[in-house]
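Colleague: Structure below; questions to follow.
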2 protein chains.
Amino acid sequence: MARTTGSYSELTGPKIEAAARRLIASYGFAAVSMRQIAREVGLQAGALYNYVPDKQSLLARLMLTHMQDLLEATQSLPQGTPQERLDAFVRFHIAQNYERAESVFIAYMELRNLTPENFAEVEALRQQYERTLEEILQAGRAEGCFDVNDIKIMTRAIIAMLNGVNTWFRQGGALSLSEVQELNCEMVRRMVTAAG
Amino acid sequence: MARTTGSYSELTGPKIEAAARRLIASYGFAAVSMRQIAREVGLQAGALYNYVPDKQSLLARLMLTHMQDLLEATQSLPQGTPQERLDAFVRFHIAQNYERAESVFIAYMELRNLTPENFAEVEALRQQYERTLEEILQAGRAEGCFDVNDIKIMTRAIIAMLNGVNTWFRQGGALSLSEVQELNCEMVRRMVTAAG
DNA sequence: TTGGCAATTGAACGCAGGTTCAGTTAACTG
DNA sequence: CAGTTAACTGAACCTGCGTTCAATTGCCAA
């Protein structure tokens with residue numbers, strides 16, 4: 001056997017990425033083998049090496065393209081008052097986390113399986129994303145509509161809180177996505193508002 | 001060779017658990033081998049099986065004892081007004097997460113590497129811990145001092161937010177542990193307070 | 001001092017891992 | 001339709017995995 005009928009790199013490439021994404025999100029990078037990924041696509045393991053130099057690069061590529069896609073999507077965040085921008089960010093983050101749940105999960109769980117170089121690259125993009133929110137908080141404080149003690153800590157606190165949604169939210173549950181977005185908007189609004 | 005001088009099960013047992021905890025927290029359960037753990041303790045791999053029936057049980061034991069220790073520690077949480085209890089919980093959670101950082105990390109990262117039975121056991125303990133906070137929010141709402149929309153969602157949001165601290169906080173950084181505790185207390189206070 | 005128990009070794013088993021590559025076949029070009 | 005290129009197979013290489021177990025040795029009570 002050799003080249004199979006209907007085999008094109010433009011089709012096989014994305015199939016490999018999709019299979020890898022799904023399997024790694026389910027079982028973890030270390031627990032997933034190249035043979036498993038290949039089987040999912042309908043290939044022998046050796047064929048994967050026409051598309052990826054090695055297993056590590058496969059993980060790095062998944063994480064990097066995810067972060068790049070996410071950053072690109074932030075470009076469409078609306079302008080407006082800091083409060084409007086904050087609400088938009090909260091809804092955006094929750095929606096993105098839901099739509100790209102597998103990639104988001106991988107990006108948080110598999111950081112330690114990256115080589116130092118790949119880690120540094122992914123981490124830089126993550127910080128860039130964080131700065132999107134940081135900048136909103138800063139604008140709100142400058143305009144006097146937010147009361148924020150430590151901007152960096154609150155940025156991370158908000159993102160951690162919003163990420164938590166992914167661990168329990170499922171479509172078809174007690175709450176719809178937009179209800180969850182609204183509840184989180186409210187909590188975040190309170191966080192930036194002086195008590196009493 | 002055989003029994004080595006100064007070898008006692010009361011010493012070796014805890015050493016194995018400690019080594020496993022450290023290695024699994026660093027590299028992940030799937031990426032750590034029994035031989036690696038044995039080497040860390042100064043043993044051959046076979047000797048581990050005098051202490052643990054298999055690799056899976058080793059992970060399960062680490063996670064279960066951690067959750068039990070954590071739940072036991074909650075017994076010392078003080079009584080008082082809901083607000084006092086909430087503050088105490090926030091400080092407690094952050095302190096515990098810092099002191100038992102490795103175990104906490106494992107408990108969040110390695111859930112999917114548990115067998116269904118072990119998972120169910122750990123998950124039950126996790127929910128029990130969650131209920132500690134849930135109960136405080138309920139008490140505060142009943143007394144009218146908290147304004148909470150959805151108690152379950154806010155419980156998870158607060159815990160997710162507090163867990164986030166572990167990803168960046170290090171002793172010797174810009175903020176002390178008690179400063180971090182205080183900042184988070186303030187954010188949580190706002191979350192349970194009606195805005196405006 | 002001796003006999004039994006506790007603790008560990010070291011080798012082995014079978015299997016699966018990532019990766020390489022010569023060989024083979026499908027698809028396309030002219 | 002011939003020749004070239006693209007895509008994939010299948011087998012192999014070497015390494016390491018979890019686990020078992022007979023043999024060995026340190027420890028300790030009698």
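Chains: A, B, ... in order of the structure tokens. Residues: from 1 per chain. Ligands: from 1, in order shown.
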Just want the 10 Å neighbourhood of Ala19 (chain A), counted on only C-alpha atoms (C1' of nucleotides), with same-chain residues fewer than 2 positions away dropped. Output as a ChimeraX atom specification.

Modeller: /A:14-17,21-25,36-41

Colleague: Let's have the selection written as an mmCIF file, in the first residue's frame, with N, CA and C atoms.

Modeller:
```
data_model
loop_
_atom_site.group_PDB
_atom_site.id
_atom_site.type_symbol
_atom_site.label_atom_id
_atom_site.label_comp_id
_atom_site.auth_asym_id
_atom_site.auth_seq_id
_atom_site.Cartn_x
_atom_site.Cartn_y
_atom_site.Cartn_z
ATOM 1 N N PRO A 14 -5.510 19.598 8.248
ATOM 2 C CA PRO A 14 -6.507 20.014 9.238
ATOM 3 C C PRO A 14 -7.110 18.857 10.019
ATOM 4 N N LYS A 15 -7.272 17.706 9.359
ATOM 5 C CA LYS A 15 -7.822 16.555 10.075
ATOM 6 C C LYS A 15 -6.901 16.143 11.218
ATOM 7 N N ILE A 16 -5.618 16.189 10.954
ATOM 8 C CA ILE A 16 -4.649 15.818 11.996
ATOM 9 C C ILE A 16 -4.741 16.783 13.165
ATOM 10 N N GLU A 17 -4.795 18.074 12.856
ATOM 11 C CA GLU A 17 -4.888 19.064 13.938
ATOM 12 C C GLU A 17 -6.157 18.873 14.754
ATOM 13 N N ARG A 21 -6.262 17.866 18.632
ATOM 14 C CA ARG A 21 -6.916 18.771 19.570
ATOM 15 C C ARG A 21 -7.918 18.016 20.441
ATOM 16 N N ARG A 22 -8.736 17.227 19.796
ATOM 17 C CA ARG A 22 -9.758 16.513 20.540
ATOM 18 C C ARG A 22 -9.153 15.513 21.524
ATOM 19 N N LEU A 23 -8.188 14.740 21.042
ATOM 20 C CA LEU A 23 -7.604 13.703 21.888
ATOM 21 C C LEU A 23 -6.810 14.311 23.049
ATOM 22 N N ILE A 24 -6.027 15.341 22.752
ATOM 23 C CA ILE A 24 -5.211 15.950 23.803
ATOM 24 C C ILE A 24 -6.102 16.610 24.850
ATOM 25 N N ALA A 25 -7.184 17.239 24.395
ATOM 26 C CA ALA A 25 -8.101 17.859 25.357
ATOM 27 C C ALA A 25 -8.737 16.795 26.254
ATOM 28 N N GLN A 36 -2.327 6.888 18.100
ATOM 29 C CA GLN A 36 -3.727 7.172 18.395
ATOM 30 C C GLN A 36 -4.269 8.269 17.481
ATOM 31 N N ILE A 37 -3.499 9.324 17.356
ATOM 32 C CA ILE A 37 -3.908 10.439 16.496
ATOM 33 C C ILE A 37 -4.054 9.955 15.062
ATOM 34 N N ALA A 38 -3.075 9.187 14.617
ATOM 35 C CA ALA A 38 -3.101 8.679 13.247
ATOM 36 C C ALA A 38 -4.335 7.810 13.015
ATOM 37 N N ARG A 39 -4.625 6.932 13.950
ATOM 38 C CA ARG A 39 -5.772 6.040 13.822
ATOM 39 C C ARG A 39 -7.061 6.852 13.671
ATOM 40 N N GLU A 40 -7.164 7.927 14.467
ATOM 41 C CA GLU A 40 -8.343 8.788 14.430
ATOM 42 C C GLU A 40 -8.544 9.387 13.036
ATOM 43 N N VAL A 41 -7.458 9.664 12.351
ATOM 44 C CA VAL A 41 -7.535 10.280 11.025
ATOM 45 C C VAL A 41 -7.638 9.212 9.936
#
```

Colleague: Please provide the set of residues having any atom within 8 Å of DT9 (chain D), restricted to only C-alpha atoms (C1' of nucleotides), with same-chain residues fewer than 5 positions apart removed, written as an MDAnalysis selection string.

Modeller: (chainID A and resid 1:3 44) or (chainID C and resid 24)

Colleague: Under the rule that only C-alpha atoms (C1' of nucleotides) are counted, which of C:DC5, C:DA27, C:DA16, C:DA22 is the nearest residue to DA11 (chain D)?

Modeller: C:DA22

Colleague: Report the closest atom pair, with its distance in Å rounded to one decimal, for each residue of chain A that has an atom no farther than 12 Å from chain C; count only C-alpha atoms (C1' of nucleotides), sort by chain and then rising residue number, and write it as a Markdown table.

Modeller:
```
| residue | atom | partner | partner_atom | distance |
| --- | --- | --- | --- | --- |
| A:Met1 | CA | C:DT24 | C1' | 5.8 |
| A:Ala2 | CA | C:DT25 | C1' | 4.9 |
| A:Arg3 | CA | C:DT25 | C1' | 5.2 |
| A:Thr4 | CA | C:DA26 | C1' | 6.2 |
| A:Thr5 | CA | C:DA26 | C1' | 5.8 |
| A:Gly6 | CA | C:DA26 | C1' | 8.0 |
| A:Ser7 | CA | C:DA26 | C1' | 8.2 |
| A:Tyr8 | CA | C:DA27 | C1' | 9.4 |
| A:Ala30 | CA | C:DG17 | C1' | 10.6 |
| A:Ala31 | CA | C:DG17 | C1' | 10.3 |
| A:Val32 | CA | C:DG17 | C1' | 10.0 |
| A:Ser33 | CA | C:DG17 | C1' | 7.2 |
| A:Met34 | CA | C:DG18 | C1' | 7.5 |
| A:Arg35 | CA | C:DG17 | C1' | 9.0 |
| A:Gln36 | CA | C:DG17 | C1' | 11.0 |
| A:Ala45 | CA | C:DT19 | C1' | 9.4 |
| A:Gly46 | CA | C:DT19 | C1' | 7.9 |
| A:Ala47 | CA | C:DT19 | C1' | 11.1 |
| A:Leu48 | CA | C:DT19 | C1' | 10.5 |
| A:Tyr49 | CA | C:DT19 | C1' | 8.6 |
| A:Asn50 | CA | C:DT20 | C1' | 11.8 |
| A:Val52 | CA | C:DT19 | C1' | 11.6 |
| A:Pro53 | CA | C:DT19 | C1' | 9.8 |
| A:Asp54 | CA | C:DG18 | C1' | 8.2 |
| A:Lys55 | CA | C:DG18 | C1' | 7.9 |
| A:Gln56 | CA | C:DG18 | C1' | 10.6 |
```

Colleague: Only C-alpha atoms, please: the residues just picked out, written as a PDB file, in the first residue's frame.

Modeller:
```pdb
ATOM      1  CA  MET A   1       0.000   0.000   0.000  1.00  0.00           C
ATOM      2  CA  ALA A   2       1.025   3.623  -0.396  1.00  0.00           C
ATOM      3  CA  ARG A   3      -0.779   6.788  -1.374  1.00  0.00           C
ATOM      4  CA  THR A   4      -4.489   6.232  -0.806  1.00  0.00           C
ATOM      5  CA  THR A   5      -7.297   7.420  -3.056  1.00  0.00           C
ATOM      6  CA  GLY A   6      -8.597  10.863  -2.230  1.00  0.00           C
ATOM      7  CA  SER A   7      -5.631  11.817  -0.056  1.00  0.00           C
ATOM      8  CA  TYR A   8      -4.689  15.497  -0.212  1.00  0.00           C
ATOM      9  CA  ALA A  30       1.450  12.888  27.547  1.00  0.00           C
ATOM     10  CA  ALA A  31      -1.252  10.234  27.464  1.00  0.00           C
ATOM     11  CA  VAL A  32      -1.985  10.558  23.745  1.00  0.00           C
ATOM     12  CA  SER A  33       0.232   8.729  21.268  1.00  0.00           C
ATOM     13  CA  MET A  34       1.033   9.564  17.683  1.00  0.00           C
ATOM     14  CA  ARG A  35      -0.462   6.208  16.714  1.00  0.00           C
ATOM     15  CA  GLN A  36      -3.727   7.172  18.395  1.00  0.00           C
ATOM     16  CA  ALA A  45       1.712   6.885  12.424  1.00  0.00           C
ATOM     17  CA  GLY A  46       4.516   7.505   9.981  1.00  0.00           C
ATOM     18  CA  ALA A  47       2.308   9.633   7.759  1.00  0.00           C
ATOM     19  CA  LEU A  48       1.962  12.254  10.483  1.00  0.00           C
ATOM     20  CA  TYR A  49       5.594  13.180   9.973  1.00  0.00           C
ATOM     21  CA  ASN A  50       4.761  14.613   6.579  1.00  0.00           C
ATOM     22  CA  VAL A  52       4.625  17.774  11.771  1.00  0.00           C
ATOM     23  CA  PRO A  53       8.321  17.522  12.601  1.00  0.00           C
ATOM     24  CA  ASP A  54       7.607  15.901  15.967  1.00  0.00           C
ATOM     25  CA  LYS A  55       5.050  15.498  18.711  1.00  0.00           C
ATOM     26  CA  GLN A  56       6.199  18.553  20.644  1.00  0.00           C
TER      27      GLN A  56
END
```

Colleague: Taking the DSSP secondary structure from the backbone, can you list the residues of region 74-170 of chain A that are helix (DSSP H, G or I), as a PyMOL selection string?

Modeller: chain A and resi 74+82-99+101-109+111-113+116-142+151-167

Colleague: Taking only C-alpha atoms (C1' of nucleotides) into account and nothing else, which residues of chain D lie no more than 12 Å away from chain A? Please answer as a PyMOL selection string.

Modeller: chain D and resi 5-12

Colleague: Which residues are near region 88-94 of chain A? Cut-off 10 Å, only C-alpha atoms (C1' of nucleotides), ignore same chain within fewer than 3 positions. Put them as a ChimeraX atom specification.

Modeller: /A:70,73-74,76-80,82-85,97-99,101,132-133,136,158-159,162-166,177-178,180-182,184-186,188-189
